[in-house]
Amino acid sequence: ENNDNEPEIIKKRSEVIIENSVFKISYNENKEQPNWVEYTVKDFVKVADRGNMDFYLEDGVWTSNDADYINNPWDKGHMAPAGSFTDSWSNLEQTFSFVNCALQKDNLNRGEWRELEEQVRDWAKNSGPVKVRIELKFSSESVVLSTGATIPDGFYDYSIVSNQNFKSINGIYGNVLGLFKSSTYVSLTLTNNYLNYVSSNFFMCIIILLYLFTL
């Protein structure tokens with residue numbers, strides 16, 4: 001998909017690790033989506049602006065590309081958010097790699113997900129560096145686009161403020177229609193043994209509470 005003249009046989013990998021100064025990513029070339037993404041958000045002074053930046057392909061990694069995001073409701077969703085790495089032009093540019101891009105429902109990307117990213121930046125500003133891990137969830141029912149990329153069923157997001165007794169399971173964010181609608185999310189915050197949660201779906205809240213007790 002990344003090349004105009006596609007080779008007849010391509011050996012795609014279920015995991016490729018990409019690491020730079022912004023993120024560490026496990027990428028799935030078969031699904032053309034990340035498996036998981038890890039990054040740390042710190043308090044920073046903004047010196048760069050995304051302007052007309054757009055996603056670019058990585059040499060040697062088979063990823064999604066522009067064709068996967070045309071004429072459909074899926075945004076090019078940053079996993080490590082551009083807004084959290086405007087401390088330098090280099091860092092900001094690295095967030096626009098297609099390895100950091102997921103098929104994310106437009107109203108999720110521009111709504112609850114954006115609000116979550118802003119909340120993490122607030123935590124970093126007020127409480128210190130925040131380690132974030134995002135896991136993309138797939139199943140046998142995951143939809144594969146005609147262009148080749150697989151749509152994630154949803155996203156798990158975890159955050160830890162490294163210098164405090166603070167852990168947040170920010171939620172399971174559904175990405176497709178059906179039981180896990182794009183508006184379905186759960187947010188939990190655990191700090192000094194105090195649990196706070198908000199959910200748009202009671203059933204989802206039960207699931208995440210059960211999951212919490214397995215950690």
# chains A, B, ... in the order shown; residues from 1 in each chain; ligands from 1
$ closest_atom_pairs --of "region 87-168 of chain A" --to "region 29-43 of chain A" --cutoff "6 Å" --atoms "only C-alpha atoms" --output "Markdown table"
| residue | atom | partner | partner_atom | distance |
| --- | --- | --- | --- | --- |
| A:Ala102 | CA | A:Gln33 | CA | 5.8 |
| A:Ala124 | CA | A:Lys42 | CA | 5.2 |
| A:Lys125 | CA | A:Asp43 | CA | 4.7 |
| A:Pro129 | CA | A:Lys42 | CA | 4.5 |
| A:Val130 | CA | A:Val41 | CA | 5.1 |
| A:Lys131 | CA | A:Thr40 | CA | 4.4 |
| A:Val132 | CA | A:Tyr39 | CA | 5.5 |
| A:Arg133 | CA | A:Glu38 | CA | 4.5 |
| A:Ile134 | CA | A:Val37 | CA | 5.2 |
| A:Glu135 | CA | A:Trp36 | CA | 4.4 |
| A:Leu136 | CA | A:Asn35 | CA | 5.5 |
| A:Ala149 | CA | A:Glu32 | CA | 5.1 |
| A:Thr150 | CA | A:Lys31 | CA | 5.0 |
$ closest_residue --among "A:Asp49, A:Glu112, A:Asp122, A:Glu141" --to "Glu93 (chain A)" --atoms "only C-alpha atoms"
A:Asp49
$ residues_around --residues "region 60-72 of chain A" --least-positions-apart "5" --cutoff "12 Å" --atoms "only C-alpha atoms" --output "CSV table (one decimal) with N, CA, C and O atoms, in the first residue's frame"
chain,number,residue,atom,x,y,z
A,1,GLU,N,0.8,-1.2,0.0
A,1,GLU,CA,0.0,0.0,0.0
A,1,GLU,C,0.9,1.3,0.0
A,1,GLU,O,0.4,2.3,-0.5
A,2,ASN,N,2.1,1.2,0.5
A,2,ASN,CA,2.9,2.3,0.6
A,2,ASN,C,3.6,2.7,-0.7
A,2,ASN,O,4.1,3.8,-0.8
A,3,ASN,N,3.6,1.8,-1.7
A,3,ASN,CA,4.3,2.1,-2.9
A,3,ASN,C,3.3,2.0,-4.1
A,3,ASN,O,2.3,1.2,-4.1
A,4,ASP,N,3.6,2.8,-5.1
A,4,ASP,CA,2.8,2.7,-6.3
A,4,ASP,C,2.9,1.3,-7.0
A,4,ASP,O,2.0,0.8,-7.5
A,6,GLU,N,3.5,-2.1,-6.1
A,6,GLU,CA,3.5,-3.1,-5.0
A,6,GLU,C,4.2,-4.4,-5.4
A,6,GLU,O,3.8,-5.0,-6.4
A,10,ILE,N,5.1,-9.7,-0.1
A,10,ILE,CA,5.6,-8.9,0.9
A,10,ILE,C,5.4,-9.6,2.2
A,10,ILE,O,4.3,-10.1,2.6
A,11,LYS,N,6.5,-9.8,3.0
A,11,LYS,CA,6.4,-10.4,4.3
A,11,LYS,C,6.2,-9.4,5.3
A,11,LYS,O,7.1,-8.7,5.8
A,12,LYS,N,4.9,-9.3,5.7
A,12,LYS,CA,4.6,-8.3,6.7
A,12,LYS,C,4.8,-8.9,8.1
A,12,LYS,O,4.6,-10.1,8.4
A,13,ARG,N,5.1,-8.0,9.1
A,13,ARG,CA,5.4,-8.4,10.4
A,13,ARG,C,4.2,-8.0,11.4
A,13,ARG,O,3.6,-6.9,11.2
A,14,SER,N,4.0,-8.9,12.4
A,14,SER,CA,2.9,-8.6,13.3
A,14,SER,C,3.4,-7.6,14.4
A,14,SER,O,2.6,-7.0,15.1
A,15,GLU,N,4.8,-7.4,14.5
A,15,GLU,CA,5.3,-6.4,15.4
A,15,GLU,C,6.6,-5.9,14.9
A,15,GLU,O,7.5,-6.6,14.6
A,16,VAL,N,6.7,-4.6,14.8
A,16,VAL,CA,7.9,-3.8,14.6
A,16,VAL,C,8.0,-2.8,15.6
A,16,VAL,O,7.1,-2.0,15.9
A,17,ILE,N,9.1,-2.7,16.3
A,17,ILE,CA,9.3,-1.7,17.4
A,17,ILE,C,10.0,-0.5,16.8
A,17,ILE,O,11.0,-0.6,16.2
A,18,ILE,N,9.3,0.7,17.0
A,18,ILE,CA,9.9,2.0,16.6
A,18,ILE,C,10.0,2.9,17.8
A,18,ILE,O,9.0,3.0,18.5
A,25,ILE,N,6.7,2.6,19.9
A,25,ILE,CA,5.5,2.0,19.3
A,25,ILE,C,5.8,0.6,18.9
A,25,ILE,O,6.8,0.3,18.3
A,26,SER,N,4.8,-0.3,19.2
A,26,SER,CA,4.8,-1.6,18.6
A,26,SER,C,3.8,-1.5,17.4
A,26,SER,O,2.6,-1.2,17.6
A,27,TYR,N,4.3,-1.7,16.2
A,27,TYR,CA,3.5,-1.5,15.0
A,27,TYR,C,3.2,-2.9,14.3
A,27,TYR,O,4.1,-3.7,14.2
A,28,ASN,N,2.0,-3.0,13.8
A,28,ASN,CA,1.5,-4.3,13.2
A,28,ASN,C,1.3,-4.0,11.7
A,28,ASN,O,0.4,-3.3,11.3
A,29,GLU,N,2.2,-4.5,10.9
A,29,GLU,CA,2.2,-4.3,9.4
A,29,GLU,C,1.0,-5.0,8.8
A,29,GLU,O,0.5,-4.6,7.7
A,30,ASN,N,0.6,-6.1,9.4
A,30,ASN,CA,-0.6,-6.8,8.8
A,30,ASN,C,-1.9,-6.0,8.9
A,30,ASN,O,-2.7,-5.9,8.0
A,31,LYS,N,-2.0,-5.3,10.1
A,31,LYS,CA,-3.2,-4.5,10.3
A,31,LYS,C,-3.0,-3.1,9.8
A,31,LYS,O,-3.9,-2.3,9.7
A,32,GLU,N,-1.7,-2.7,9.6
A,32,GLU,CA,-1.4,-1.3,9.2
A,32,GLU,C,-1.8,-0.3,10.3
A,32,GLU,O,-2.3,0.8,10.0
A,33,GLN,N,-1.7,-0.8,11.5
A,33,GLN,CA,-2.0,0.0,12.7
A,33,GLN,C,-1.1,-0.3,13.8
A,33,GLN,O,-0.5,-1.4,13.9
A,34,PRO,N,-0.9,0.6,14.8
A,34,PRO,CA,-0.1,0.3,16.0
A,34,PRO,C,-0.8,-0.8,16.8
A,34,PRO,O,-2.0,-1.0,16.8
A,54,ASP,N,1.4,17.3,7.8
A,54,ASP,CA,0.6,16.1,7.5
A,54,ASP,C,1.4,14.9,7.7
A,54,ASP,O,2.7,14.9,7.8
A,55,PHE,N,0.8,13.8,7.8
A,55,PHE,CA,1.4,12.5,8.1
A,55,PHE,C,2.3,12.1,6.9
A,55,PHE,O,2.0,12.3,5.8
A,77,GLY,N,-5.9,9.6,13.5
A,77,GLY,CA,-5.8,9.9,14.9
A,77,GLY,C,-4.4,9.8,15.4
A,77,GLY,O,-3.8,8.7,15.3
A,96,PHE,N,3.9,13.1,13.5
A,96,PHE,CA,3.1,13.0,12.2
A,96,PHE,C,3.6,11.8,11.4
A,96,PHE,O,3.2,11.7,10.2
A,97,SER,N,4.4,10.9,12.0
A,97,SER,CA,4.7,9.6,11.3
A,97,SER,C,3.5,8.7,11.2
A,97,SER,O,2.7,8.7,12.2
A,98,PHE,N,3.2,8.0,10.1
A,98,PHE,CA,2.1,7.1,10.0
A,98,PHE,C,2.2,6.0,11.0
A,98,PHE,O,1.2,5.3,11.3
A,99,VAL,N,3.4,5.7,11.6
A,99,VAL,CA,3.4,4.7,12.6
A,99,VAL,C,2.7,5.1,13.9
A,99,VAL,O,2.3,4.3,14.7
A,100,ASN,N,2.5,6.4,14.0
A,100,ASN,CA,1.8,7.0,15.2
A,100,ASN,C,0.4,7.4,14.9
A,100,ASN,O,-0.3,8.1,15.6
A,101,CYS,N,-0.1,6.8,13.8
A,101,CYS,CA,-1.5,7.2,13.3
A,101,CYS,C,-2.4,6.0,13.3
A,101,CYS,O,-2.0,4.9,13.0
A,102,ALA,N,-3.6,6.2,13.8
A,102,ALA,CA,-4.6,5.1,13.9
A,102,ALA,C,-5.9,5.6,13.2
A,102,ALA,O,-6.3,6.8,13.2
A,103,LEU,N,-6.7,4.6,12.7
A,103,LEU,CA,-8.0,4.9,12.2
A,103,LEU,C,-8.9,5.1,13.4
A,103,LEU,O,-9.3,4.2,14.1
A,104,GLN,N,-9.3,6.4,13.6
A,104,GLN,CA,-10.1,6.8,14.8
A,104,GLN,C,-11.3,7.5,14.3
A,104,GLN,O,-11.3,8.5,13.5
A,105,LYS,N,-12.5,7.1,14.8
A,105,LYS,CA,-13.7,7.7,14.5
A,105,LYS,C,-13.7,9.2,14.7
A,105,LYS,O,-13.2,9.7,15.7
A,106,ASP,N,-14.2,9.9,13.7
A,106,ASP,CA,-14.0,11.4,13.7
A,106,ASP,C,-14.5,12.1,15.0
A,106,ASP,O,-13.8,12.9,15.6
A,144,VAL,N,-11.8,-4.7,7.9
A,144,VAL,CA,-10.6,-4.4,7.1
A,144,VAL,C,-11.1,-3.6,5.9
A,144,VAL,O,-12.0,-4.0,5.2
A,145,LEU,N,-10.5,-2.4,5.8
A,145,LEU,CA,-10.9,-1.5,4.6
A,145,LEU,C,-10.4,-2.1,3.3
A,145,LEU,O,-9.4,-2.9,3.3
A,146,SER,N,-11.1,-1.7,2.2
A,146,SER,CA,-10.6,-2.2,0.9
A,146,SER,C,-9.2,-1.7,0.6
A,146,SER,O,-8.5,-2.3,-0.2
A,147,THR,N,-8.8,-0.6,1.2
A,147,THR,CA,-7.4,-0.1,1.0
A,147,THR,C,-6.4,-0.9,1.8
A,147,THR,O,-5.2,-0.6,1.7
A,148,GLY,N,-6.8,-1.8,2.7
A,148,GLY,CA,-5.9,-2.6,3.4
A,148,GLY,C,-5.8,-2.5,4.9
A,148,GLY,O,-5.4,-3.5,5.6
A,149,ALA,N,-6.1,-1.3,5.5
A,149,ALA,CA,-5.9,-1.1,6.9
A,149,ALA,C,-7.1,-1.7,7.7
A,149,ALA,O,-8.2,-1.7,7.2
A,150,THR,N,-6.8,-2.2,8.9
A,150,THR,CA,-7.8,-2.7,9.8
A,150,THR,C,-8.3,-1.6,10.8
A,150,THR,O,-7.4,-1.0,11.5
A,151,ILE,N,-9.6,-1.5,11.0
A,151,ILE,CA,-10.1,-0.5,11.9
A,151,ILE,C,-10.1,-1.1,13.4
A,151,ILE,O,-10.6,-2.1,13.6
$ atom_distance --atom1 "CA of Phe155 (chain A)" --atom2 "CA of Val120 (chain A)"
15.9 Å
$ atom_distance --atom1 "CA of Ile160 (chain A)" --atom2 "CA of Lys137 (chain A)"
20.4 Å
